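A.B. asks: Mind looking over this structure? Questions follow.
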Amino acid sequence: MSNPSPTDTSFTLGTSLEQDGPGKHGRTGVIHTPHGDIATPAFIPVATKATVKTLTPEQIRQTGAQAILSNAYHLYLQPGHDIVDEAGGLEAFTNWRGPTYTDSGGFQVMSLGAGYKKVLAMDTTHLTRGDIKAAEKERMAHVDDDGVNFKSFIDGSRHRFTPEFSMQIQHGLGADIMFAFDELTTLVDTYDYQVNSVERTRRWAQRCLDEHDRLTRERVGKPLQSLWGVVQGAQYEDLRRQATRGLIELSDAAEAEGRRGFGGFGIGGAIEKENLGTIVGWVCDELPENKPRHLLGISEPDDLFAAIEAGADTFDCVAPTRLARRGGVYTLDGRLNLTGARFKRDFSGVDEEFGGYVSENYSRAYIHHLLKAKEFLAGTLCTIHNLQFMLQLVDNARAAIEGGYYEAYRDEFMGRYYAPKK
């Protein structure tokens with residue numbers, strides 16, 4: 001069991017990836033938190049409702065995970081942040097015993113029911129006119145300059161989030177790292193809307209800093225929590241840079257007053273997949289090197305490599321675990337779906353070359369059987385495998401940066417994973 005420290009979260013810069021030109025900020029480092037260190041770059045599994053679905057905390061640790069990320073929106077609705085607070089915070093409530101993140105709840109408040117994928121890197125070519133109308137209706141119905149009104153997805157009850165309330169929830173949850181309440185934007189919002197949204201998010205960030213300072217002073221004796229600002233601006237370079245600079249100014253002003261500024265920065269909002277690395281690079285051009293950066297909601301291996309090279313230190317996504325519960329698994333030769341009939345008599349491991357607990361102990365045929373029989377163990381085994389695969393991928397990238405062979409590792413992995421299938 002770890003011993004919570006009264007010290008704040010900090011970041012130690014490691015090895016920089018040798019790259020030329022703007023938008024190239026790949027590096028390694030260590031995020032120090034009251035509940036342990038996180039070697040970066042790092043993939044952070046999503047434990048939305050204080051659990052990575054189908055796994056125990058002990059099983060999560062065995063995959064190699066260094067931290068988990070839970071969701072303020074869901075935990076506010078059930079069981080309630082007051083209950084988690086009374087239990088001693090997420091780390092104690094879940095028996096995770098390691099670093100924890102919470103997002104602000106803004107994504108879920110403003111996107112549930114809007115018909116969009118729950119990932120950051122989006123492909124707009126598949127959006128229908130109905131998707132766009134639904135997104136516009138959802139946004140206009142909920143957002144105002146002070147906060148957001150929404151209905152519970154559980155029972156339809158009405159609730160309201162403000163920056164102050166998001167801070168109160170996240171302080172109650174007790175995560176080491178939490179994010180300022182921001183307005184989610186989509187790729188279908190107009191430029192003018194994005195301009196207004198960036199300014200709204202900046203004002204909300206100031207309110208989050210103020211409330212975070214008040215709650216920190218009020219909650220004496222609790223492990224210190226680090227508040228990170230969230231950069232919006234969609235696919236527009238001028239807005240992304242403006243948003244980043246605005247958050248840095250707020251943070252610097254708070255620190256000049258003897259208060260705590262942002263301990264790090266999140267990069268949010270929907271991003272076209274093909275522009276992910278470019279947009280992260282714009283943001284990291286502006287950010288200070290001595291503070292960590294988290295990219296919210298990416299999933300595929302090519303996204304991870306693009307994010308690492310552009311300067312993201314940590315990233316999260318539900319995709320590896322959601323895919324697993326449907327029988328999808330990662331292999332060195334690309335993704336497989338073990339529900340397919342061809343695996344009925346395939347007694348090899350999921351990926352014997354990659355190895356890992358699942359591949360070394362269970363066959364594709366057995367997992368195929370579990371999936372067809374709708375046994376819960378199927379989700380557990382596929383989730384363990386996918387998390388080990390994703391975490392090992394990022395661990396290998398970190399080692400490759402430190403060892404000076406990153407490009408060779410990336411090209412070998414990508415060339416094989418995305419090779420045309422016969």
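By order in the structure tokens, chains are A, B, ...; within a chain, residues start at 1; ligands start at 1, following the order shown.
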Neighbours of A:Tyr409 within 9 Å (only C-alpha atoms; same-chain residues fewer than 3 positions away dropped), as a VMD selection string?
C.D. replies: chain A and resid 396 to 397 400 405 to 406 412 to 414
A.B. asks: Next, the residues of the selection above should be written as a JSON list (two decimals), in the first residue's frame with C-alpha atoms.
C.D. replies:
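Saved the output as part-v1.json:
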```json
[["chain", "number", "residue", "atom", "x", "y", "z"],
["A", 396, "ASN", "CA", 8.31, 0.28, -25.63],
["A", 397, "ALA", "CA", 8.02, 3.75, -27.19],
["A", 400, "ALA", "CA", 12.94, 3.60, -27.59],
["A", 405, "TYR", "CA", 15.91, 4.08, -31.61],
["A", 406, "TYR", "CA", 12.36, 5.47, -31.52],
["A", 412, "GLU", "CA", 8.68, -1.54, -37.56],
["A", 413, "PHE", "CA", 5.54, -1.63, -35.42],
["A", 414, "MET", "CA", 3.41, 0.48, -37.75]]
```
A.B. asks: Using the chain letters and numbers from this document, which residues of stretch 192-369 of chain A does DSSP assign to strand (DSSP E), as a list of chain:residue names?
C.D. replies: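 Matching residues for strand (DSSP E) in stretch 192-369 of chain A are A:Ser226, A:Leu227, A:Trp228, A:Gly229, A:Val230, A:Val231, A:Gly264, A:Phe265, A:Gly266, A:Ile267, A:Ile271, A:Glu272, A:Arg293, A:His294, A:Leu295, A:Leu296, A:Thr314, A:Phe315, A:Asp316, A:Cys317, A:Gly328, A:Val329, A:Tyr330, A:Thr331, A:Gly334, A:Arg335, A:Leu336, A:Asn337.
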A.B. asks: Neighbours of A:Arg61 within 12 Å (only C-alpha atoms; same-chain residues fewer than 3 positions away dropped), as a JSON list (two decimals) with N, CA and C atoms, in the first residue's frame?
C.D. replies:
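Final output, result.json:
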```json
[["chain", "number", "residue", "atom", "x", "y", "z"],
["A", 44, "ILE", "N", -3.18, 5.80, -19.91],
["A", 44, "ILE", "CA", -3.93, 5.74, -18.67],
["A", 44, "ILE", "C", -5.26, 5.04, -18.92],
["A", 45, "PRO", "N", -5.47, 3.81, -18.42],
["A", 45, "PRO", "CA", -6.76, 3.14, -18.63],
["A", 45, "PRO", "C", -7.91, 3.92, -18.01],
["A", 52, "VAL", "N", -12.32, -0.24, -14.10],
["A", 52, "VAL", "CA", -12.10, -0.64, -15.48],
["A", 52, "VAL", "C", -12.99, -1.86, -15.69],
["A", 55, "LEU", "N", -12.54, -5.86, -14.75],
["A", 55, "LEU", "CA", -11.29, -6.15, -14.06],
["A", 55, "LEU", "C", -11.32, -5.69, -12.61],
["A", 56, "THR", "N", -10.62, -6.42, -11.75],
["A", 56, "THR", "CA", -10.37, -5.95, -10.39],
["A", 56, "THR", "C", -9.19, -4.99, -10.41],
["A", 57, "PRO", "N", -9.04, -4.15, -9.39],
["A", 57, "PRO", "CA", -7.85, -3.28, -9.34],
["A", 57, "PRO", "C", -6.55, -4.07, -9.38],
["A", 58, "GLU", "N", -6.53, -5.24, -8.77],
["A", 58, "GLU", "CA", -5.32, -6.06, -8.80],
["A", 58, "GLU", "C", -4.99, -6.49, -10.23],
["A", 64, "GLY", "N", 0.20, -3.68, -16.03],
["A", 64, "GLY", "CA", 1.27, -2.71, -16.14],
["A", 64, "GLY", "C", 0.80, -1.27, -16.05],
["A", 65, "ALA", "N", -0.48, -1.07, -15.78],
["A", 65, "ALA", "CA", -1.02, 0.29, -15.68],
["A", 65, "ALA", "C", -0.39, 1.04, -14.51],
["A", 66, "GLN", "N", -0.08, 2.31, -14.73],
["A", 66, "GLN", "CA", 0.52, 3.14, -13.69],
["A", 66, "GLN", "C", -0.51, 4.01, -12.98],
["A", 67, "ALA", "N", -1.62, 4.31, -13.65],
["A", 67, "ALA", "CA", -2.65, 5.19, -13.10],
["A", 67, "ALA", "C", -3.96, 4.84, -13.78],
["A", 68, "ILE", "N", -5.07, 5.33, -13.24],
["A", 68, "ILE", "CA", -6.37, 5.16, -13.87],
["A", 68, "ILE", "C", -7.08, 6.51, -13.90],
["A", 95, "ASN", "N", -9.58, 0.62, -3.84],
["A", 95, "ASN", "CA", -8.45, -0.24, -3.54],
["A", 95, "ASN", "C", -7.43, -0.25, -4.69],
["A", 96, "TRP", "N", -7.40, 0.83, -5.47],
["A", 96, "TRP", "CA", -6.43, 0.93, -6.56],
["A", 96, "TRP", "C", -5.03, 1.14, -6.02],
["A", 97, "ARG", "N", -4.87, 2.01, -5.02],
["A", 97, "ARG", "CA", -3.57, 2.26, -4.38],
["A", 97, "ARG", "C", -2.51, 2.73, -5.38],
["A", 98, "GLY", "N", -2.85, 3.77, -6.10],
["A", 98, "GLY", "CA", -1.91, 4.36, -7.04],
["A", 98, "GLY", "C", -2.43, 5.69, -7.52],
["A", 99, "PRO", "N", -1.74, 6.36, -8.42],
["A", 99, "PRO", "CA", -2.19, 7.65, -8.93],
["A", 99, "PRO", "C", -3.53, 7.56, -9.65],
["A", 384, "ILE", "N", -7.86, -7.70, -20.36],
["A", 384, "ILE", "CA", -6.49, -7.86, -19.85],
["A", 384, "ILE", "C", -5.51, -7.82, -21.01],
["A", 387, "LEU", "N", -5.28, -4.20, -22.69],
["A", 387, "LEU", "CA", -4.57, -3.23, -21.86],
["A", 387, "LEU", "C", -3.08, -3.55, -21.83],
["A", 388, "GLN", "N", -2.72, -4.83, -21.69],
["A", 388, "GLN", "CA", -1.30, -5.19, -21.71],
["A", 388, "GLN", "C", -0.67, -4.79, -23.04],
["A", 391, "LEU", "N", -0.44, -0.83, -23.18],
["A", 391, "LEU", "CA", 0.54, -0.34, -22.20],
["A", 391, "LEU", "C", 1.96, -0.73, -22.60]]
```
A.B. asks: Please compute the atom CA of A:Arg158-atom CA of A:Asp145 distance, one decimal, in Å.
C.D. replies: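 Between atom CA of A:Arg158 and atom CA of A:Asp145 the gap is 18.2 Å.
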A.B. asks: Pick out the residues sitting within 9 Å of A:Arg325, and hand them over as a PyMOL selection string; count only C-alpha atoms, and ignore anything fewer than 4 positions along from it in its own chain.
C.D. replies: chain A and resi 53-54+320-321+371+376+378-380+382-383
A.B. asks: Generate the output file for the selected residues, N, CA and C atoms, as a tab-separated table (two decimals), in the first residue's frame.
C.D. replies:
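Listing of selection34.tsv after writing:
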```tsv
chain	number	residue	atom	x	y	z
A	53	LYS	N	-13.98	-1.74	-16.52
A	53	LYS	CA	-15.01	-2.77	-16.64
A	53	LYS	C	-14.41	-4.15	-16.81
A	54	THR	N	-14.89	-5.10	-16.04
A	54	THR	CA	-14.57	-6.53	-16.00
A	54	THR	C	-13.31	-6.87	-15.23
A	320	PRO	N	-9.73	0.53	-26.01
A	320	PRO	CA	-9.20	-0.82	-25.81
A	320	PRO	C	-10.10	-1.72	-24.98
A	321	THR	N	-10.77	-1.14	-23.96
A	321	THR	CA	-11.62	-1.97	-23.11
A	321	THR	C	-13.00	-2.18	-23.73
A	371	LEU	N	-17.22	-15.97	-25.76
A	371	LEU	CA	-17.97	-14.87	-26.39
A	371	LEU	C	-19.31	-15.37	-26.92
A	376	PHE	N	-19.08	-13.76	-19.00
A	376	PHE	CA	-18.39	-12.53	-18.63
A	376	PHE	C	-16.87	-12.67	-18.70
A	378	ALA	N	-15.10	-13.74	-20.95
A	378	ALA	CA	-14.59	-13.33	-22.26
A	378	ALA	C	-14.14	-11.87	-22.21
A	379	GLY	N	-14.97	-11.01	-21.65
A	379	GLY	CA	-14.62	-9.60	-21.53
A	379	GLY	C	-13.40	-9.39	-20.66
A	380	THR	N	-13.29	-10.16	-19.59
A	380	THR	CA	-12.14	-10.03	-18.70
A	380	THR	C	-10.85	-10.38	-19.42
A	382	CYS	N	-10.19	-10.59	-22.72
A	382	CYS	CA	-9.87	-9.68	-23.82
A	382	CYS	C	-9.42	-8.33	-23.30
A	383	THR	N	-10.00	-7.86	-22.19
A	383	THR	CA	-9.62	-6.57	-21.62
A	383	THR	C	-8.20	-6.63	-21.07
```
A.B. asks: For the atom pair atom CA of A:Gly229 and atom CA of A:Met167, what is the interatomic distance in Å to one decimal place?
C.D. replies: 12.1 Å
A.B. asks: In Å, rounded to a single decimal, give me how far atom CA of A:Lys344 is from atom CA of A:Gly356.
C.D. replies: 21.4 Å
A.B. asks: As number ranges by chain, please: the residues near stretch 329-338 of chain A (cut-off 10 Å, only C-alpha atoms, same-chain neighbours under 3 positions excluded).
C.D. replies: A: 300-301, 320-321, 323-326, 341-344, 346, 350-355, 364-372, 378, 381-390, 393, 413-421
A.B. asks: I need the residue nearest A:Arg203 from this list: A:Val188, A:Met178, A:Pro163, A:Gly89. Use only C-alpha atoms for the distance.
C.D. replies: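 Closest to A:Arg203, using only C-alpha atoms: A:Pro163.
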A.B. asks: Of the candidates A:Pro22, A:Gly277, A:Gly349, A:Gly403, which one gets nearest to A:Asp302 if we count only C-alpha atoms?
C.D. replies: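 For A:Asp302, the nearest of the candidates is A:Gly277.
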A.B. asks: My list of candidates is A:Phe161, A:Pro34, A:Leu173, A:His25. Which is closest to A:Gly80 when distances are computed with only C-alpha atoms?
C.D. replies: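 Going through A:Phe161, A:Pro34, A:Leu173, A:His25 one by one, the smallest distance to A:Gly80 is for A:Leu173.
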A.B. asks: Mind checking which residues fall within 12 Å of A:Thr102, counting only C-alpha atoms, ignoring those fewer than 3 positions away in the same chain, and posting them as number ranges by chain?
C.D. replies: A: 44-50, 67-76, 81, 89-91, 99, 105-107, 166-167, 169-181, 225-228, 266, 294, 296, 316
A.B. asks: Write a file of the selected residues as a compact mmCIF listing (two decimals), in the first residue's frame, keeping N, CA and C atoms.
C.D. replies:
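Full text of selection-v2.txt as output:
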```
# COMPACT_ATOMS: atom_id res chain seq x y z
N ILE A 44 -3.18 5.80 -19.91
CA ILE A 44 -3.93 5.74 -18.67
C ILE A 44 -5.26 5.04 -18.92
N PRO A 45 -5.47 3.81 -18.42
CA PRO A 45 -6.76 3.14 -18.63
C PRO A 45 -7.91 3.92 -18.01
N VAL A 46 -9.07 3.85 -18.66
CA VAL A 46 -10.25 4.57 -18.19
C VAL A 46 -11.07 3.68 -17.26
N ALA A 47 -11.25 4.19 -16.04
CA ALA A 47 -12.10 3.52 -15.04
C ALA A 47 -13.29 4.44 -14.80
N THR A 48 -14.17 4.54 -15.78
CA THR A 48 -15.23 5.55 -15.80
C THR A 48 -15.97 5.67 -14.48
N LYS A 49 -16.50 4.57 -14.01
CA LYS A 49 -17.31 4.57 -12.78
C LYS A 49 -16.50 4.01 -11.61
N ALA A 50 -15.23 4.36 -11.56
CA ALA A 50 -14.30 3.88 -10.53
C ALA A 50 -13.98 2.41 -10.72
N ALA A 67 -1.62 4.31 -13.65
CA ALA A 67 -2.65 5.19 -13.10
C ALA A 67 -3.96 4.84 -13.78
N ILE A 68 -5.07 5.33 -13.24
CA ILE A 68 -6.37 5.16 -13.87
C ILE A 68 -7.08 6.51 -13.90
N LEU A 69 -8.04 6.65 -14.82
CA LEU A 69 -8.82 7.88 -14.96
C LEU A 69 -10.30 7.58 -14.78
N SER A 70 -10.94 8.28 -13.85
CA SER A 70 -12.37 8.12 -13.62
C SER A 70 -13.12 9.39 -14.00
N ASN A 71 -14.44 9.27 -14.07
CA ASN A 71 -15.24 10.35 -14.62
C ASN A 71 -16.11 11.03 -13.57
N ALA A 72 -15.96 12.35 -13.46
CA ALA A 72 -16.68 13.11 -12.45
C ALA A 72 -18.19 13.07 -12.68
N TYR A 73 -18.61 13.12 -13.92
CA TYR A 73 -20.05 13.10 -14.24
C TYR A 73 -20.71 11.83 -13.72
N HIS A 74 -20.14 10.70 -14.07
CA HIS A 74 -20.74 9.42 -13.68
C HIS A 74 -20.69 9.21 -12.16
N LEU A 75 -19.58 9.57 -11.54
CA LEU A 75 -19.46 9.33 -10.10
C LEU A 75 -20.27 10.33 -9.28
N TYR A 76 -20.55 11.50 -9.83
CA TYR A 76 -21.48 12.43 -9.19
C TYR A 76 -22.88 11.84 -9.17
N HIS A 81 -20.19 11.95 -5.10
CA HIS A 81 -18.83 12.27 -4.70
C HIS A 81 -18.68 12.37 -3.19
N GLY A 89 -11.51 8.99 -0.67
CA GLY A 89 -11.12 9.30 -2.04
C GLY A 89 -11.05 8.06 -2.91
N LEU A 90 -10.88 8.27 -4.20
CA LEU A 90 -10.89 7.16 -5.15
C LEU A 90 -9.87 6.09 -4.83
N GLU A 91 -8.68 6.50 -4.45
CA GLU A 91 -7.60 5.54 -4.21
C GLU A 91 -7.99 4.53 -3.15
N PRO A 99 -1.74 6.36 -8.42
CA PRO A 99 -2.19 7.65 -8.93
C PRO A 99 -3.53 7.56 -9.65
N GLY A 105 -16.06 16.05 -16.30
CA GLY A 105 -17.47 15.74 -16.56
C GLY A 105 -18.03 16.51 -17.73
N GLY A 106 -17.29 17.50 -18.23
CA GLY A 106 -17.80 18.32 -19.32
C GLY A 106 -18.10 17.53 -20.58
N PHE A 107 -17.25 16.58 -20.92
CA PHE A 107 -17.47 15.79 -22.13
C PHE A 107 -18.80 15.05 -22.05
N SER A 166 -17.97 21.48 -10.50
CA SER A 166 -17.06 20.45 -10.99
C SER A 166 -15.85 20.32 -10.07
N MET A 167 -15.32 21.46 -9.58
CA MET A 167 -14.20 21.41 -8.65
C MET A 167 -14.61 20.75 -7.33
N ILE A 169 -16.92 18.49 -6.89
CA ILE A 169 -17.04 17.05 -7.14
C ILE A 169 -15.66 16.41 -7.17
N GLN A 170 -14.74 17.01 -7.94
CA GLN A 170 -13.43 16.39 -8.11
C GLN A 170 -12.59 16.43 -6.83
N HIS A 171 -12.75 17.46 -6.04
CA HIS A 171 -12.08 17.45 -4.74
C HIS A 171 -12.63 16.33 -3.88
N GLY A 172 -13.94 16.11 -3.93
CA GLY A 172 -14.52 15.01 -3.17
C GLY A 172 -14.02 13.67 -3.64
N LEU A 173 -13.82 13.51 -4.95
CA LEU A 173 -13.31 12.25 -5.49
C LEU A 173 -11.85 12.04 -5.12
N GLY A 174 -11.12 13.13 -4.91
CA GLY A 174 -9.77 13.03 -4.36
C GLY A 174 -8.69 12.57 -5.31
N ALA A 175 -8.89 12.73 -6.63
CA ALA A 175 -7.87 12.30 -7.58
C ALA A 175 -6.62 13.15 -7.47
N ASP A 176 -5.48 12.57 -7.79
CA ASP A 176 -4.22 13.32 -7.78
C ASP A 176 -4.23 14.41 -8.85
N ILE A 177 -4.81 14.09 -10.00
CA ILE A 177 -4.83 15.01 -11.14
C ILE A 177 -6.28 15.17 -11.59
N MET A 178 -6.72 16.42 -11.71
CA MET A 178 -8.08 16.68 -12.16
C MET A 178 -8.05 17.80 -13.19
N PHE A 179 -9.13 17.91 -13.96
CA PHE A 179 -9.16 18.85 -15.07
C PHE A 179 -10.19 19.95 -14.86
N ALA A 180 -9.85 21.14 -15.33
CA ALA A 180 -10.77 22.26 -15.26
C ALA A 180 -11.99 21.99 -16.13
N PHE A 181 -13.12 22.54 -15.70
CA PHE A 181 -14.37 22.36 -16.43
C PHE A 181 -14.31 23.20 -17.71
N GLN A 225 -4.10 18.01 -4.54
CA GLN A 225 -4.55 17.65 -5.87
C GLN A 225 -4.06 18.68 -6.88
N SER A 226 -3.73 18.21 -8.06
CA SER A 226 -3.21 19.07 -9.12
C SER A 226 -4.30 19.35 -10.13
N LEU A 227 -4.59 20.63 -10.38
CA LEU A 227 -5.59 21.03 -11.35
C LEU A 227 -4.90 21.35 -12.68
N TRP A 228 -5.41 20.77 -13.75
CA TRP A 228 -4.85 20.99 -15.08
C TRP A 228 -5.86 21.73 -15.94
N GLY A 266 -4.40 19.73 -20.21
CA GLY A 266 -5.06 18.75 -21.04
C GLY A 266 -5.34 19.33 -22.41
N HIS A 294 -1.64 16.15 -21.11
CA HIS A 294 -2.47 14.96 -21.26
C HIS A 294 -3.41 15.15 -22.44
N LEU A 296 -6.70 13.98 -24.18
CA LEU A 296 -7.93 13.33 -23.74
C LEU A 296 -8.57 12.54 -24.87
N ASP A 316 -5.54 8.89 -22.64
CA ASP A 316 -6.50 7.89 -22.19
C ASP A 316 -7.50 7.62 -23.30
```
